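Engineer: Supplied structure: work.txt, compact mmCIF, C-alpha atoms.
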# COMPACT_ATOMS: atom_id res chain seq x y z
CA ARG W 1 17.06 -5.53 19.59
CA GLN W 2 16.13 -2.99 16.97
CA ASP W 3 16.05 0.79 17.31
CA VAL W 4 13.30 3.06 15.99
CA PRO W 5 14.49 4.42 12.60
CA LEU W 6 15.76 7.98 12.85
CA THR W 7 14.69 8.77 9.27
CA THR W 8 10.99 9.36 8.68
CA PRO W 9 8.56 9.05 6.99
CA PHE W 10 8.63 5.50 5.63
CA SER W 11 9.92 5.13 2.09
CA MET W 12 10.43 1.74 0.49
CA SER W 13 13.31 3.22 -1.53
CA ASP W 14 15.15 4.36 1.63
CA PRO W 15 16.26 1.48 3.87
CA THR W 16 17.06 3.91 6.69
CA THR W 17 13.28 4.39 7.18
CA TYR W 18 12.53 0.76 8.06
CA ASN W 19 14.07 -2.01 10.15
CA ASN W 20 13.39 -5.12 8.10
CA ALA W 21 11.90 -6.16 4.78
CA THR W 22 11.02 -9.41 3.08
CA SER W 23 9.49 -10.46 -0.21
CA VAL W 24 7.53 -13.42 -1.48
CA SER W 25 6.22 -14.46 -4.86
CA VAL W 26 2.44 -14.51 -5.08
CA TYR W 27 0.28 -15.60 -8.00
CA ASP W 28 -2.89 -14.15 -9.48
CA SER W 29 -5.84 -16.16 -10.75
CA LEU W 30 -4.17 -16.54 -14.16
CA GLY W 31 -0.98 -17.96 -12.66
CA ASN W 32 1.07 -14.80 -13.25
CA ALA W 33 3.78 -14.19 -10.65
CA HIS W 34 3.94 -10.96 -8.66
CA VAL W 35 6.30 -9.83 -5.91
CA LEU W 36 4.75 -8.91 -2.56
CA GLN W 37 7.11 -7.03 -0.25
CA THR W 38 6.51 -6.27 3.41
CA PHE W 39 8.42 -3.69 5.42
CA TYR W 40 8.60 -3.47 9.20
CA VAL W 41 9.11 -0.19 11.06
CA LYS W 42 9.67 -0.16 14.81
CA THR W 43 7.65 2.65 16.38
CA GLY W 44 8.36 2.04 20.05
CA ALA W 45 9.03 -0.66 22.62
CA GLY W 46 7.43 -3.80 21.20
CA ALA W 47 5.46 -1.80 18.60
CA TRP W 48 5.81 -2.17 14.83
CA ASP W 49 4.03 -0.78 11.77
CA VAL W 50 3.81 -2.93 8.64
CA TYR W 51 3.89 -1.51 5.10
CA ALA W 52 3.51 -3.43 1.84
CA ALA W 53 4.12 -3.16 -1.88
CA ALA W 54 3.04 -5.32 -4.81
CA ASP W 55 5.29 -5.23 -7.86
CA ASP W 56 7.07 -2.15 -6.44
CA ALA W 57 3.80 -0.20 -5.99
CA LEU W 58 2.89 0.71 -2.41
CA ILE W 59 -0.35 -0.75 -1.10
CA ASN W 60 -2.80 1.38 0.88
CA GLY W 61 -1.50 4.63 -0.58
CA GLY W 62 1.77 4.25 1.29
CA ALA W 63 0.09 4.14 4.71
CA ALA W 64 0.76 1.24 7.05
CA ILE W 65 -1.33 -1.85 6.29
CA GLY W 66 -1.27 -2.86 9.94
CA SER W 67 0.53 -2.83 13.25
CA LEU W 68 1.95 -5.44 15.60
CA ALA W 69 2.56 -5.33 19.36
CA PHE W 70 4.82 -7.68 21.30
CA GLY W 71 5.17 -8.25 25.02
CA PRO W 72 8.49 -8.24 26.91
CA ASP W 73 8.78 -12.00 26.31
CA GLY W 74 8.55 -11.50 22.53
CA ALA W 75 5.04 -12.96 22.24
CA LEU W 76 2.59 -11.23 19.90
CA THR W 77 0.02 -9.42 22.07
CA ALA W 78 -1.99 -7.47 19.47
CA ALA W 79 -2.32 -7.04 15.73
CA SER W 80 -4.43 -4.71 13.63
CA GLN W 81 -4.89 -4.42 9.90
CA ALA W 82 -6.23 -1.90 7.46
CA ALA W 83 -9.13 -2.97 5.23
CA LEU W 84 -7.66 -2.88 1.76
CA PRO W 85 -8.05 -4.50 -1.61
CA ILE W 86 -4.97 -5.84 -3.39
CA ASN W 87 -5.14 -5.41 -7.14
CA ALA W 88 -2.14 -6.73 -9.06
CA SER W 89 -2.12 -6.24 -12.79
Write out the structure in this file as structure tokens.
Structural biologist:
Amino acid sequence: RQDVPLTTPFSMSDPTTYNNATSVSVYDSLGNAHVLQTFYVKTGAGAWDVYAAADDALINGGAAIGSLAFGPDGALTAASQAALPINAS
């Protein structure tokens, strides 16, 4: 089980502000590789905010791109997302 981070607000350069992070290579229409990172911040029991960065630049102005909710059995019960364009250059 994870605890809510004691350090706020979220900062991708400060691992004490998030619980988990992962990255994946994504490709644009020209075949150029980019790195998409996602960061997960526990906000309460079964509640998580999701942040993202493309090529080390925060997406959505640094605000969460969505949230996830899980039931006591670990099953996903709700998900929301921000409407946002992703422009990688």
Engineer: Hey, which of W:Val41, W:Ala52, W:Ala79, W:Ala21 ends up closest to W:Leu6? Count all atoms listed in the file.
Structural biologist: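 When distances to W:Leu6 are compared using all atoms listed in the file, the smallest one comes from W:Val41.
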Engineer: Taking all atoms of stretch 25-42 of chain W that appear in the file, build a box with edges along x, y and z, extend it by 3 Å on every side, and state its centre and edge lengths in Å to one decimal, as lines of an AutoDock Vina configuration file.
Structural biologist:
center_x = 1.9
center_y = -9.1
center_z = 0.3
size_x = 21.5
size_y = 23.8
size_z = 35.0
Engineer: Would you mind telling me which residue in W:Leu30, W:Leu76, W:Ala83, W:Leu36 lies nearest to W:Ala63 when using only C-alpha atoms?
Structural biologist: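 With only C-alpha atoms as the atom set, the closest residue is W:Ala83.
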Engineer: Determine the nearest neighbour of W:Val50 from the options W:Ser29, W:Asn19, W:Pro5, W:Asp73, counting only C-alpha atoms.
Structural biologist: W:Asn19
Engineer: Measuring atom to atom with all atoms listed in the file, identify which of W:Ser67, W:Gln37, W:Ser25, W:Thr43 is nearest to W:Asp3.
Structural biologist: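 Of all the options, W:Thr43 lies closest to W:Asp3.
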Engineer: Could you give me, as a ChimeraX atom specification, the residues within 9 Å of W:Thr7, counting all atoms listed in the file and dropping anything in the same chain fewer than 4 positions from it?
Structural biologist: /W:14,16-18
Engineer: Restricting the calculation to all atoms listed in the file: of W:Gln81, W:Asp49, W:Ala57, W:Ala69, which residue gets closest to W:Pro9?
Structural biologist: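 Under the stated criterion, the closest residue is W:Asp49.
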Engineer: What does the structure give for the distance between atom CA of W:Lys42 and atom CA of W:Tyr27, in Å to one decimal?
Structural biologist: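 Interatomic distance, atom CA of W:Lys42 to atom CA of W:Tyr27: 29.1 Å.
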Engineer: Could you name the residues that touch W:Ala54 at 12 Å or less, counting only C-alpha atoms, but leaving out those on the same chain fewer than 2 positions away, as a list in words?
Structural biologist: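 Once the adjacent positions are removed, what remains is Met12, Thr22, Ser23, Val24, Ser25, Val26, Tyr27, Asp28, Ala33, His34, Val35, Leu36, Gln37, Thr38, Phe39, Tyr51, Ala52, Asp56, Ala57, Leu58, Ile59, Asn60, Gly61, Gly62, Pro85, Ile86, Asn87, Ala88 and Ser89 of chain W.
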Engineer: So, with all atoms listed in the file as the atoms that count, which of W:Phe70, W:Phe10, W:Asn32, W:Pro15 lies closest to W:Ala45?
Structural biologist: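 Closest to W:Ala45, using all atoms listed in the file: W:Phe70.
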Engineer: Quick one: pull the distance between atom CA of W:Leu68 and atom CA of W:Asn20, Å, one decimal.
Structural biologist: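 Separation between atom CA of W:Leu68 and atom CA of W:Asn20: 13.7 Å.
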Engineer: Tell me, in Å to one decimal, how far atom CA of W:Gly74 is from atom CA of W:Val4.
Structural biologist: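 These two atoms are separated by 16.7 Å.
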